Structure formats: structure tokens, C-alpha cells
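File shown: start.tsv (TSV, C-alpha atoms).
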chain	number	residue	atom	x	y	z
A	1	MET	CA	-7.87	-0.84	41.60
A	2	SER	CA	-11.14	-1.90	39.99
A	3	GLU	CA	-10.24	0.36	37.05
A	4	MET	CA	-6.98	-1.53	36.61
A	5	ILE	CA	-8.73	-4.89	36.70
A	6	LYS	CA	-11.19	-3.60	34.09
A	7	LEU	CA	-8.29	-2.57	31.83
A	8	LEU	CA	-6.58	-5.92	32.41
A	9	MET	CA	-9.78	-7.79	31.47
A	10	LEU	CA	-10.07	-5.61	28.36
A	11	GLY	CA	-6.48	-6.44	27.47
A	12	ILE	CA	-6.99	-10.16	27.92
A	13	LYS	CA	-10.20	-10.03	25.87
A	14	ASN	CA	-8.68	-8.15	22.93
A	15	GLY	CA	-5.26	-9.77	22.88
A	16	ARG	CA	-2.28	-8.42	21.00
A	17	VAL	CA	-2.96	-5.80	18.35
A	18	THR	CA	0.59	-4.85	17.45
A	19	TYR	CA	1.66	-5.62	13.90
A	20	ARG	CA	5.23	-6.90	14.30
A	21	TYR	CA	6.38	-5.37	11.04
A	22	PRO	CA	9.87	-6.56	10.14
A	23	THR	CA	9.29	-10.16	11.21
A	24	GLU	CA	5.63	-10.41	10.24
A	25	LYS	CA	4.29	-9.10	6.94
A	26	LYS	CA	0.61	-8.59	6.28
A	27	PRO	CA	-0.77	-8.86	2.74
A	28	ILE	CA	-0.58	-5.59	0.83
A	29	PRO	CA	-3.98	-4.08	-0.04
A	30	GLU	CA	-4.97	-4.56	-3.67
A	31	GLY	CA	-4.38	-1.53	-5.84
A	32	LEU	CA	-1.60	-0.07	-3.72
A	33	ARG	CA	0.74	1.94	-5.90
A	34	GLY	CA	4.30	1.50	-4.80
A	35	ARG	CA	7.38	2.02	-6.89
A	36	PRO	CA	6.82	2.68	-10.63
A	37	GLU	CA	8.80	0.29	-12.79
A	38	ILE	CA	9.78	0.98	-16.38
A	39	GLY	CA	9.82	-1.94	-18.79
A	40	PHE	CA	13.05	-1.15	-20.57
A	41	GLU	CA	12.31	-3.51	-23.46
A	42	GLU	CA	8.75	-2.25	-23.99
A	43	CYS	CA	9.30	1.53	-23.74
A	44	ILE	CA	9.06	3.22	-27.16
A	45	GLY	CA	10.24	6.64	-26.07
A	46	CYS	CA	7.18	8.75	-26.88
A	47	GLY	CA	7.57	10.86	-23.73
A	48	ALA	CA	3.86	10.92	-22.89
A	49	CYS	CA	4.60	9.97	-19.27
A	50	ALA	CA	7.05	12.84	-18.79
A	51	ARG	CA	4.53	15.30	-20.22
A	52	GLN	CA	1.86	14.02	-17.85
A	53	CYS	CA	3.96	13.70	-14.65
A	54	PRO	CA	2.77	16.39	-12.17
A	55	PRO	CA	5.98	16.64	-10.08
A	56	ASN	CA	8.35	16.13	-13.08
A	57	ALA	CA	9.72	12.96	-11.53
A	58	LEU	CA	9.98	11.66	-15.09
A	59	MET	CA	12.14	13.88	-17.23
A	60	VAL	CA	13.02	13.64	-20.91
A	61	GLU	CA	16.28	14.89	-22.31
A	62	GLU	CA	16.81	14.94	-26.07
A	63	LEU	CA	20.42	14.75	-27.11
A	64	ASP	CA	21.47	14.41	-30.74
A	65	ASP	CA	21.15	10.71	-31.39
A	66	LYS	CA	19.96	9.73	-27.90
A	67	TRP	CA	16.71	10.04	-26.06
A	68	LYS	CA	17.07	9.93	-22.30
A	69	LEU	CA	14.37	9.33	-19.70
A	70	ARG	CA	15.15	9.91	-16.04
A	71	LEU	CA	12.92	8.81	-13.18
A	72	LEU	CA	13.47	10.05	-9.63
A	73	TYR	CA	11.73	7.91	-7.02
A	74	GLY	CA	12.45	10.66	-4.51
A	75	ARG	CA	10.12	13.02	-6.33
A	76	CYS	CA	7.44	10.57	-7.48
A	77	ILE	CA	4.06	11.01	-5.79
A	78	MET	CA	2.68	7.66	-7.00
A	79	CYS	CA	-0.33	9.25	-8.71
A	80	GLY	CA	-0.48	6.65	-11.48
A	81	LEU	CA	-0.96	9.09	-14.37
A	82	CYS	CA	2.09	7.78	-16.26
A	83	GLU	CA	0.72	4.25	-16.14
A	84	GLU	CA	-2.58	5.59	-17.48
A	85	VAL	CA	-1.13	7.40	-20.50
A	86	CYS	CA	1.52	4.88	-21.55
A	87	PRO	CA	0.43	3.56	-25.00
A	88	VAL	CA	2.37	0.29	-24.64
A	89	ASP	CA	1.95	-0.33	-20.88
A	90	ALA	CA	5.70	-0.10	-20.37
A	91	ILE	CA	5.38	1.69	-17.04
A	92	ARG	CA	3.72	-0.19	-14.22
A	93	PHE	CA	3.31	0.38	-10.50
A	94	SER	CA	4.70	-2.43	-8.40
A	95	GLN	CA	3.59	-3.09	-4.84
A	96	ASP	CA	7.09	-2.46	-3.55
A	97	TYR	CA	6.85	0.26	-0.91
A	98	GLU	CA	10.09	-0.15	1.05
A	99	LEU	CA	11.99	2.59	-0.76
A	100	ALA	CA	14.14	3.91	2.08
A	101	SER	CA	17.67	4.68	0.95
A	102	LEU	CA	20.87	5.99	2.49
A	103	ASP	CA	21.89	7.55	-0.77
A	104	ARG	CA	19.97	9.76	-3.18
A	105	GLY	CA	21.65	8.22	-6.22
A	106	ALA	CA	19.99	4.87	-5.53
A	107	LEU	CA	16.60	6.46	-6.17
A	108	GLU	CA	17.20	7.02	-9.88
A	109	VAL	CA	16.38	5.14	-13.05
A	110	GLU	CA	17.84	6.04	-16.41
A	111	LEU	CA	16.75	4.86	-19.83
A	112	GLU	CA	18.50	5.69	-23.08
A	113	LEU	CA	17.08	5.02	-26.56
A	114	ARG	CA	18.34	5.68	-30.08
A	115	ARG	CA	16.81	8.40	-32.24
A	116	VAL	CA	16.33	8.39	-36.01
A	117	LYS	CA	17.03	10.98	-38.67
A	118	CYS	CA	14.49	12.72	-40.86
A	119	GLU	CA	14.65	11.37	-44.41
A	120	GLU	CA	14.60	14.84	-45.93
A	121	CYS	CA	16.63	17.23	-43.77
A	122	GLY	CA	18.63	14.72	-41.73
A	123	ALA	CA	17.73	16.10	-38.30
A	124	TYR	CA	17.07	13.68	-35.43
A	125	PHE	CA	13.39	13.79	-34.50
A	126	THR	CA	12.06	10.62	-32.83
A	127	THR	CA	13.15	7.28	-31.44
A	128	GLU	CA	13.46	4.17	-33.56
A	129	ARG	CA	10.99	2.32	-31.41
A	130	ALA	CA	8.38	5.10	-31.67
A	131	LEU	CA	8.68	5.03	-35.45
A	132	GLU	CA	8.21	1.26	-35.50
A	133	TYR	CA	5.20	1.63	-33.23
A	134	THR	CA	3.61	4.28	-35.50
A	135	LEU	CA	4.14	2.08	-38.58
A	136	SER	CA	2.56	-0.91	-36.84
A	137	GLU	CA	-0.40	1.27	-35.83
A	138	TYR	CA	-0.90	2.27	-39.50
A	139	ASP	CA	-0.87	-1.40	-40.48
A	140	GLU	CA	-3.82	-1.99	-38.19
A	141	LEU	CA	-5.97	0.69	-39.82
A	142	THR	CA	-9.08	-0.67	-41.52
A	143	TYR	CA	-9.11	1.96	-44.26
A	144	ASP	CA	-6.38	2.63	-46.83
A	145	ILE	CA	-4.17	5.66	-46.53
A	146	ASP	CA	-2.35	7.40	-49.30
A	147	VAL	CA	1.19	6.16	-50.01
A	148	SER	CA	2.47	9.75	-49.82
A	149	LEU	CA	1.02	10.03	-46.30
A	150	ARG	CA	2.78	6.84	-45.29
A	151	LYS	CA	6.07	8.35	-46.47
A	152	MET	CA	5.50	11.38	-44.26
A	153	ILE	CA	5.92	9.20	-41.15
A	154	HIS	CA	9.65	9.24	-41.83
A	155	LEU	CA	9.83	13.05	-41.90
A	156	CYS	CA	10.46	15.42	-39.01
A	157	PRO	CA	7.58	17.75	-38.03
A	158	GLU	CA	9.06	20.71	-39.93
A	159	CYS	CA	9.54	18.78	-43.17
A	160	LYS	CA	6.13	17.18	-42.71
A	161	LYS	CA	4.58	20.64	-42.50
A	162	SER	CA	6.33	21.98	-45.60
A	163	SER	CA	5.71	18.87	-47.70
A	164	TRP	CA	2.06	18.90	-46.69
A	165	SER	CA	1.66	22.57	-47.63
A	166	ASP	CA	3.45	21.96	-50.94
A	167	ALA	CA	1.14	19.07	-51.74
A	168	SER	CA	-1.98	21.07	-50.91
A	169	ALA	CA	-0.75	24.06	-52.94
A	170	ASP	CA	-0.21	21.74	-55.92
A	171	ALA	CA	-3.69	20.32	-55.55
A	172	TYR	CA	-5.20	23.80	-55.34
A	173	ARG	CA	-3.36	24.87	-58.49
A	174	ARG	CA	-4.51	21.76	-60.31
A	175	ILE	CA	-8.15	22.38	-59.40
A	176	LYS	CA	-7.85	25.99	-60.54
A	177	ASP	CA	-6.30	24.97	-63.87
A	178	GLU	CA	-9.13	22.51	-64.49
A	179	GLN	CA	-11.67	25.27	-63.94
B	1	MET	CA	28.12	24.85	6.40
B	2	SER	CA	28.10	21.11	6.89
B	3	SER	CA	31.38	21.18	8.80
B	4	LYS	CA	30.05	23.91	11.07
B	5	LEU	CA	27.09	21.72	12.00
B	6	GLY	CA	29.31	18.71	12.54
B	7	LEU	CA	27.47	16.75	9.89
B	8	ASP	CA	30.33	15.15	7.97
B	9	SER	CA	28.86	11.71	7.82
B	10	GLY	CA	32.16	9.81	8.06
B	11	GLY	CA	31.49	7.18	10.69
B	12	LYS	CA	28.42	9.00	11.95
B	13	LEU	CA	26.06	6.15	11.16
B	14	GLU	CA	28.42	3.81	13.01
B	15	ARG	CA	28.40	6.09	16.02
B	16	ILE	CA	24.63	6.28	16.18
B	17	ARG	CA	24.39	2.51	15.79
B	18	LYS	CA	26.71	2.08	18.75
B	19	LEU	CA	24.69	4.56	20.79
B	20	GLY	CA	23.41	1.73	22.93
B	21	ARG	CA	20.19	3.40	23.94
B	22	SER	CA	16.71	4.15	22.66
B	23	PRO	CA	16.69	6.56	19.72
B	24	TRP	CA	14.33	9.42	20.46
B	25	VAL	CA	12.74	11.30	17.61
B	26	PHE	CA	11.83	14.92	17.07
B	27	HIS	CA	9.43	15.78	14.30
B	28	VAL	CA	9.83	18.92	12.17
B	29	ASN	CA	7.23	19.92	9.60
B	30	THR	CA	8.67	22.38	7.10
B	31	GLY	CA	5.49	23.26	5.26
B	32	GLY	CA	4.15	19.90	4.09
B	33	CYS	CA	0.51	18.94	3.62
B	34	ASN	CA	0.38	16.93	6.91
B	35	GLY	CA	0.00	13.60	5.10
B	36	CYS	CA	3.44	12.40	6.21
B	37	ASP	CA	2.83	13.77	9.72
B	38	ILE	CA	-0.28	11.62	10.05
B	39	GLU	CA	1.74	8.58	8.96
B	40	ILE	CA	4.41	9.37	11.58
B	41	ILE	CA	1.74	9.54	14.29
B	42	ASP	CA	0.32	6.27	12.96
B	43	THR	CA	3.77	4.66	13.26
B	44	LEU	CA	3.92	5.67	16.93
B	45	THR	CA	0.52	4.18	17.82
B	46	PRO	CA	0.31	0.75	19.54
B	47	TYR	CA	-0.65	-0.88	16.22
B	48	PHE	CA	2.71	-0.29	14.48
B	49	ASP	CA	4.38	0.37	17.82
B	50	ALA	CA	7.68	2.06	17.08
B	51	GLU	CA	8.37	1.86	20.83
B	52	ARG	CA	9.40	-1.76	20.28
B	53	PHE	CA	12.61	-0.24	18.94
B	54	GLY	CA	12.78	2.31	21.73
B	55	VAL	CA	11.53	5.11	19.51
B	56	LYS	CA	9.79	7.80	21.45
B	57	ARG	CA	8.66	11.23	20.32
B	58	VAL	CA	10.11	14.14	22.27
B	59	SER	CA	9.05	17.76	22.15
B	60	SER	CA	12.45	19.41	21.98
B	61	PRO	CA	15.26	18.84	19.47
B	62	LYS	CA	17.71	19.04	22.39
B	63	HIS	CA	16.52	15.63	23.57
B	64	ALA	CA	16.45	14.00	20.15
B	65	ASP	CA	18.74	11.53	18.39
B	66	ILE	CA	16.72	11.44	15.19
B	67	LEU	CA	15.16	14.37	13.34
B	68	LEU	CA	12.17	13.44	11.21
B	69	VAL	CA	11.73	16.17	8.62
B	70	THR	CA	8.65	16.40	6.41
B	71	GLY	CA	7.70	19.02	3.86
B	72	PRO	CA	9.50	20.76	0.99
B	73	VAL	CA	11.37	23.27	3.25
B	74	THR	CA	9.63	26.55	2.56
B	75	ARG	CA	11.71	29.72	2.70
B	76	GLN	CA	9.89	30.75	5.87
B	77	SER	CA	10.70	27.52	7.69
B	78	ALA	CA	14.33	27.17	6.55
B	79	ALA	CA	15.77	29.24	9.42
B	80	THR	CA	13.67	27.41	12.02
B	81	LEU	CA	14.78	24.09	10.59
B	82	GLN	CA	18.41	25.23	10.79
B	83	ASN	CA	17.88	26.09	14.46
B	84	ALA	CA	16.35	22.70	15.18
B	85	ILE	CA	19.24	20.91	13.44
B	86	GLU	CA	21.82	22.92	15.39
B	87	ALA	CA	20.00	22.28	18.67
B	88	ALA	CA	20.01	18.50	18.28
B	89	PRO	CA	23.10	16.91	19.85
B	90	ASP	CA	25.55	14.84	17.79
B	91	PRO	CA	25.47	12.08	16.70
B	92	LYS	CA	22.09	12.57	15.10
B	93	LEU	CA	20.25	11.01	12.21
B	94	ILE	CA	18.47	13.31	9.79
B	95	VAL	CA	15.63	11.56	8.02
B	96	ALA	CA	13.81	13.07	5.03
B	97	ILE	CA	10.26	11.74	4.99
B	98	GLY	CA	8.07	11.92	1.90
B	99	SER	CA	8.65	13.08	-1.64
B	100	CYS	CA	8.65	16.74	-0.62
B	101	ALA	CA	11.53	16.41	1.83
B	102	CYS	CA	13.47	14.07	-0.48
B	103	GLU	CA	13.51	16.12	-3.69
B	104	GLY	CA	10.88	18.82	-3.37
B	105	GLY	CA	8.06	16.60	-4.63
B	106	ILE	CA	5.16	18.35	-6.30
B	107	PHE	CA	6.45	21.72	-5.07
B	108	HIS	CA	9.97	21.30	-6.47
B	109	ASP	CA	9.79	24.22	-8.93
B	110	SER	CA	7.85	26.64	-6.74
B	111	PHE	CA	9.49	29.95	-5.86
B	112	THR	CA	8.41	29.68	-2.23
B	113	VAL	CA	10.39	26.54	-1.40
B	114	VAL	CA	14.05	25.70	-1.09
B	115	GLY	CA	13.10	22.34	-2.61
B	116	GLY	CA	14.36	19.32	-0.75
B	117	LEU	CA	16.03	18.90	2.60
B	118	ASP	CA	19.48	18.14	1.19
B	119	LYS	CA	19.83	21.72	0.00
B	120	ILE	CA	19.91	22.74	3.68
B	121	THR	CA	21.77	19.89	5.32
B	122	PRO	CA	23.21	16.44	4.43
B	123	VAL	CA	20.52	13.77	4.80
B	124	ASP	CA	21.17	10.30	6.22
B	125	VAL	CA	18.03	8.43	5.24
B	126	TYR	CA	15.61	9.21	2.41
B	127	ILE	CA	12.12	7.73	2.67
B	128	PRO	CA	10.20	8.51	-0.54
B	129	GLY	CA	6.46	8.09	-0.83
B	130	CYS	CA	3.51	10.40	-0.89
B	131	PRO	CA	2.99	9.68	1.96
B	132	PRO	CA	5.18	6.65	2.81
B	133	LYS	CA	3.33	3.78	4.49
B	134	PRO	CA	3.98	3.34	8.23
B	135	GLU	CA	5.80	0.12	7.33
B	136	ALA	CA	8.03	2.10	4.97
B	137	LEU	CA	8.78	4.55	7.78
B	138	LEU	CA	9.72	1.70	10.12
B	139	HIS	CA	11.90	0.21	7.38
B	140	GLY	CA	13.67	3.55	6.89
B	141	LEU	CA	14.22	3.90	10.61
B	142	LEU	CA	15.67	0.39	10.88
B	143	LEU	CA	17.82	1.08	7.82
B	144	GLY	CA	19.24	4.15	9.52
B	145	LEU	CA	19.92	2.17	12.68
B	146	GLY	CA	21.60	-0.61	10.70
B	147	LYS	CA	18.97	-3.27	11.38
B	148	ALA	CA	17.51	-3.59	7.89
B	149	GLU	CA	18.84	-3.76	4.36
B	150	GLN	CA	18.35	-1.28	1.57
B	151	LYS	CA	16.07	-2.67	-1.14
B	152	VAL	CA	16.36	-0.10	-3.92
B	153	SER	CA	19.34	0.47	-6.15
B	154	ARG	CA	20.08	2.59	-9.19
B	155	SER	CA	19.12	0.98	-12.49
B	156	GLU	CA	20.15	1.96	-15.97
B	157	TYR	CA	19.35	0.80	-19.48
B	158	LYS	CA	21.10	1.79	-22.67
B	159	GLU	CA	20.14	0.81	-26.18
B	160	GLY	CA	23.31	0.00	-28.09
B	161	PRO	CA	24.92	2.27	-30.71
B	162	HIS	CA	23.30	2.92	-34.05
B	163	GLU	CA	23.17	-0.05	-36.38
B	164	ALA	CA	24.09	0.58	-40.00
B	165	VAL	CA	20.69	1.87	-41.09
B	166	ASP	CA	20.79	3.98	-44.23
B	167	ASN	CA	18.32	6.80	-43.93
B	168	ALA	CA	19.74	9.14	-46.51

Can you present the structure in this file as C-alpha cells?
Amino acid sequence: MSEMIKLLMLGIKNGRVTYRYPTEKKPIPEGLRGRPEIGFEECIGCGACARQCPPNALMVEELDDKWKLRLLYGRCIMCGLCEEVCPVDAIRFSQDYELASLDRGALEVELELRRVKCEECGAYFTTERALEYTLSEYDELTYDIDVSLRKMIHLCPECKKSSWSDASADAYRRIKDEQ
Amino acid sequence: MSSKLGLDSGGKLERIRKLGRSPWVFHVNTGGCNGCDIEIIDTLTPYFDAERFGVKRVSSPKHADILLVTGPVTRQSAATLQNAIEAAPDPKLIVAIGSCACEGGIFHDSFTVVGGLDKITPVDVYIPGCPPKPEALLHGLLLGLGKAEQKVSRSEYKEGPHEAVDNA
């Protein structure tokens, strides 16, 4: 009996501890990573996030003139690496943690961007937004770059390689002729 | 397989909502890291107090109305999981807890896992998170019982067709 009274006194002293979740909501701790959100307008389509994602929750699919990014909330482990690598801060972690769903399809996000053609061979190689971003980055450089280098931005990696090797072979020949 | 287990979900959610008694839960770990299991135990403590909704953990699937499944369903545990699902009486809710149970999570491409609970059986409620917060678990539970609303939906964005840009 005395034990029970002790417990009762303890209960009266401490009061209610239960957190009445659906009706009462406590502030979310700072820095909690909930659902990742993609800024559709900001994303440039570089694919750095998909390369970094450990569980492949972010997946890139390259069709002819389209670049598709798929995000599965069901696979995301909220590690925050995609937010870290994004060059334009398009992907951000919200504090939204109530992700329960009756349907797997509701846990998907899809993003589709246009791709551009290589100026030399005509193959699709990058997104329009990524190209714009690269050009704007070059504008911010403090030193001058060669005009021919600037042109190479519009070439696909293969053409870039061949044009670069052609240019260096020409230069080598020129130096040899001068000697 | 789904018809054999009586899992065609037509009207099943309605039936479990009209059950009219406390939903008891049975917890199955199919090879997870125990993070989600700790969150489930946390949800059952007096702080989050899932017993407010009548939720009580039982130690046999034969007594359970809800199966809480965590882990990516390893090949070794698939048969045991099948047994547990068959032992639970209908109508039952099958809840996939954590990224591993939802889609395979970090283990999705491993050769040792089946990769996701829905490759074994139809799932009623998905609760993603690694691990999900106890609040998220309660939300998922209430969603399954028809007492809360779903907050996520599929979103899509498409950049329009090519403008007349002359590259050539």
C-alpha cells in the first residue's frame, strides 16, 4: 500500500509526460532533415546529386532531347549529401517528416529538362540550363580565356577532345617549323 | 500469391477501420539495422504513448491486426516473413517502416536482399524515413486507421518543348 502511495505521489509531482501528438505539436529540432525538395526552377540538370546519392534515390535518365531526374522518397535516407553538392542550391531539405502514404506512387518526384545539341556533331550532350550556368561561371572569371576555349563550351565531350588534340597538334607542328 | 493470402485490398482498409476494437501490432524485423525498431519501441513508451489509440505490441502474429515490418527483406528472412503474414488473421494492415522496407533503401541493389516489402506482399501504408520519427510512425498508423490525412503527393515538372534555337 505504501508503495502505491509513493508511486501516486511521484505521479502527482511529475505530472503528465505524454506528448499528445496529433493534437499537440512540439517545435521541430533545428537541423532536422525531413523531405528533400527540388527547386524545379533553379535546377540546372548537372546530375551531381544523382552521382552522390548513396541509395540511388535520385536517378538520372538521359533520353534524346530530355533529361529526367527521378526522386523516390521511399528510398531516400535523408543523408543530406545532395544538398551539399548542389552547385545552385536547388535541392533543400524541408522539415516535413510526415511522409506516410497509402500509395507508393505518391512518393515520387519527376523533373524533366531540355538538352542541347553539340555544335559540331549534333549529338545531345547537356541541358540548356547547365550550359547557361557554365557560361555565366566563365563570365565571372577574373582572368581572360582564349576565345577558342570559350567556343569549346558548346561542344560535346568527344568533339571537345578531338578539337583540343587537333589544336595542340597544330601548335606542336608550328613550334617545330619555327625551330 | 496475393489472392492466396487474401490480400486484395478492395475494401480492406474500410474493414479494418470498422473493426471497432484496439489494433494490436506485431513487429517483424527482416534484416534491418535496428534503427526503425528503436523508433517503434520509442513510439510505444509513455512519452509518445501509442496506447492512447489502443495500440499494443503482441508477441505472436496470430493475435495481431497490424504487422509492422522493418528491414530490406533479406533472402533468409523472406520465408519467415511469409509465415508471419499468413499467420496474421484478416483483415490486417501491413505497414512498411523505414526506407529499407519501402523500396530497399541503401541495400536496394544488394544480392542478399529481395529489396522492399512490396515484392513479397501488397503494402497498405508506407512510412519512409531513415529512421522515421516516432511522430511519423504515429501519423502513418493513424493514416492506416483512417484518422489522419495523407500529406505527400506525386509532383512533376516538365520544361516545355524546344524553342526555335538554331544550333547548326

Looking at A:Ala167, A:Asp96, A:Val60, A:Cys159, which one is nearest to Ile28 (chain A), with distances taken over all atoms listed in the file?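 Smallest distance to Ile28 (chain A) is found for A:Asp96.
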
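Between CA of Ser136 (chain A) and CA of Glu61 (chain A) lies a distance of 25.5 Å.
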
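Of the residues listed (A:Phe125, A:Tyr143, A:Phe93, A:Tyr133), A:Phe93 shows the shortest atom-to-atom separation from Gly39 (chain A); distances use only C-alpha atoms.
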
Pull out every residue of chain A that has at least one atom within 9 Å of chain B, counting all atoms listed in the file, and report them as a ChimeraX atom specification. /A:17-22,34-35,40,54-57,65,72-79,97-120,122

Would you put the residues from that selection into a file with C-alpha atoms, as an mmCIF file, in the coordinates of the input?
data_model
loop_
_atom_site.group_PDB
_atom_site.id
_atom_site.type_symbol
_atom_site.label_atom_id
_atom_site.label_comp_id
_atom_site.auth_asym_id
_atom_site.auth_seq_id
_atom_site.Cartn_x
_atom_site.Cartn_y
_atom_site.Cartn_z
ATOM 1 C CA VAL A 17 -2.960 -5.800 18.350
ATOM 2 C CA THR A 18 0.590 -4.850 17.450
ATOM 3 C CA TYR A 19 1.660 -5.620 13.900
ATOM 4 C CA ARG A 20 5.230 -6.900 14.300
ATOM 5 C CA TYR A 21 6.380 -5.370 11.040
ATOM 6 C CA PRO A 22 9.870 -6.560 10.140
ATOM 7 C CA GLY A 34 4.300 1.500 -4.800
ATOM 8 C CA ARG A 35 7.380 2.020 -6.890
ATOM 9 C CA PHE A 40 13.050 -1.150 -20.570
ATOM 10 C CA PRO A 54 2.770 16.390 -12.170
ATOM 11 C CA PRO A 55 5.980 16.640 -10.080
ATOM 12 C CA ASN A 56 8.350 16.130 -13.080
ATOM 13 C CA ALA A 57 9.720 12.960 -11.530
ATOM 14 C CA ASP A 65 21.150 10.710 -31.390
ATOM 15 C CA LEU A 72 13.470 10.050 -9.630
ATOM 16 C CA TYR A 73 11.730 7.910 -7.020
ATOM 17 C CA GLY A 74 12.450 10.660 -4.510
ATOM 18 C CA ARG A 75 10.120 13.020 -6.330
ATOM 19 C CA CYS A 76 7.440 10.570 -7.480
ATOM 20 C CA ILE A 77 4.060 11.010 -5.790
ATOM 21 C CA MET A 78 2.680 7.660 -7.000
ATOM 22 C CA CYS A 79 -0.330 9.250 -8.710
ATOM 23 C CA TYR A 97 6.850 0.260 -0.910
ATOM 24 C CA GLU A 98 10.090 -0.150 1.050
ATOM 25 C CA LEU A 99 11.990 2.590 -0.760
ATOM 26 C CA ALA A 100 14.140 3.910 2.080
ATOM 27 C CA SER A 101 17.670 4.680 0.950
ATOM 28 C CA LEU A 102 20.870 5.990 2.490
ATOM 29 C CA ASP A 103 21.890 7.550 -0.770
ATOM 30 C CA ARG A 104 19.970 9.760 -3.180
ATOM 31 C CA GLY A 105 21.650 8.220 -6.220
ATOM 32 C CA ALA A 106 19.990 4.870 -5.530
ATOM 33 C CA LEU A 107 16.600 6.460 -6.170
ATOM 34 C CA GLU A 108 17.200 7.020 -9.880
ATOM 35 C CA VAL A 109 16.380 5.140 -13.050
ATOM 36 C CA GLU A 110 17.840 6.040 -16.410
ATOM 37 C CA LEU A 111 16.750 4.860 -19.830
ATOM 38 C CA GLU A 112 18.500 5.690 -23.080
ATOM 39 C CA LEU A 113 17.080 5.020 -26.560
ATOM 40 C CA ARG A 114 18.340 5.680 -30.080
ATOM 41 C CA ARG A 115 16.810 8.400 -32.240
ATOM 42 C CA VAL A 116 16.330 8.390 -36.010
ATOM 43 C CA LYS A 117 17.030 10.980 -38.670
ATOM 44 C CA CYS A 118 14.490 12.720 -40.860
ATOM 45 C CA GLU A 119 14.650 11.370 -44.410
ATOM 46 C CA GLU A 120 14.600 14.840 -45.930
ATOM 47 C CA GLY A 122 18.630 14.720 -41.730
#
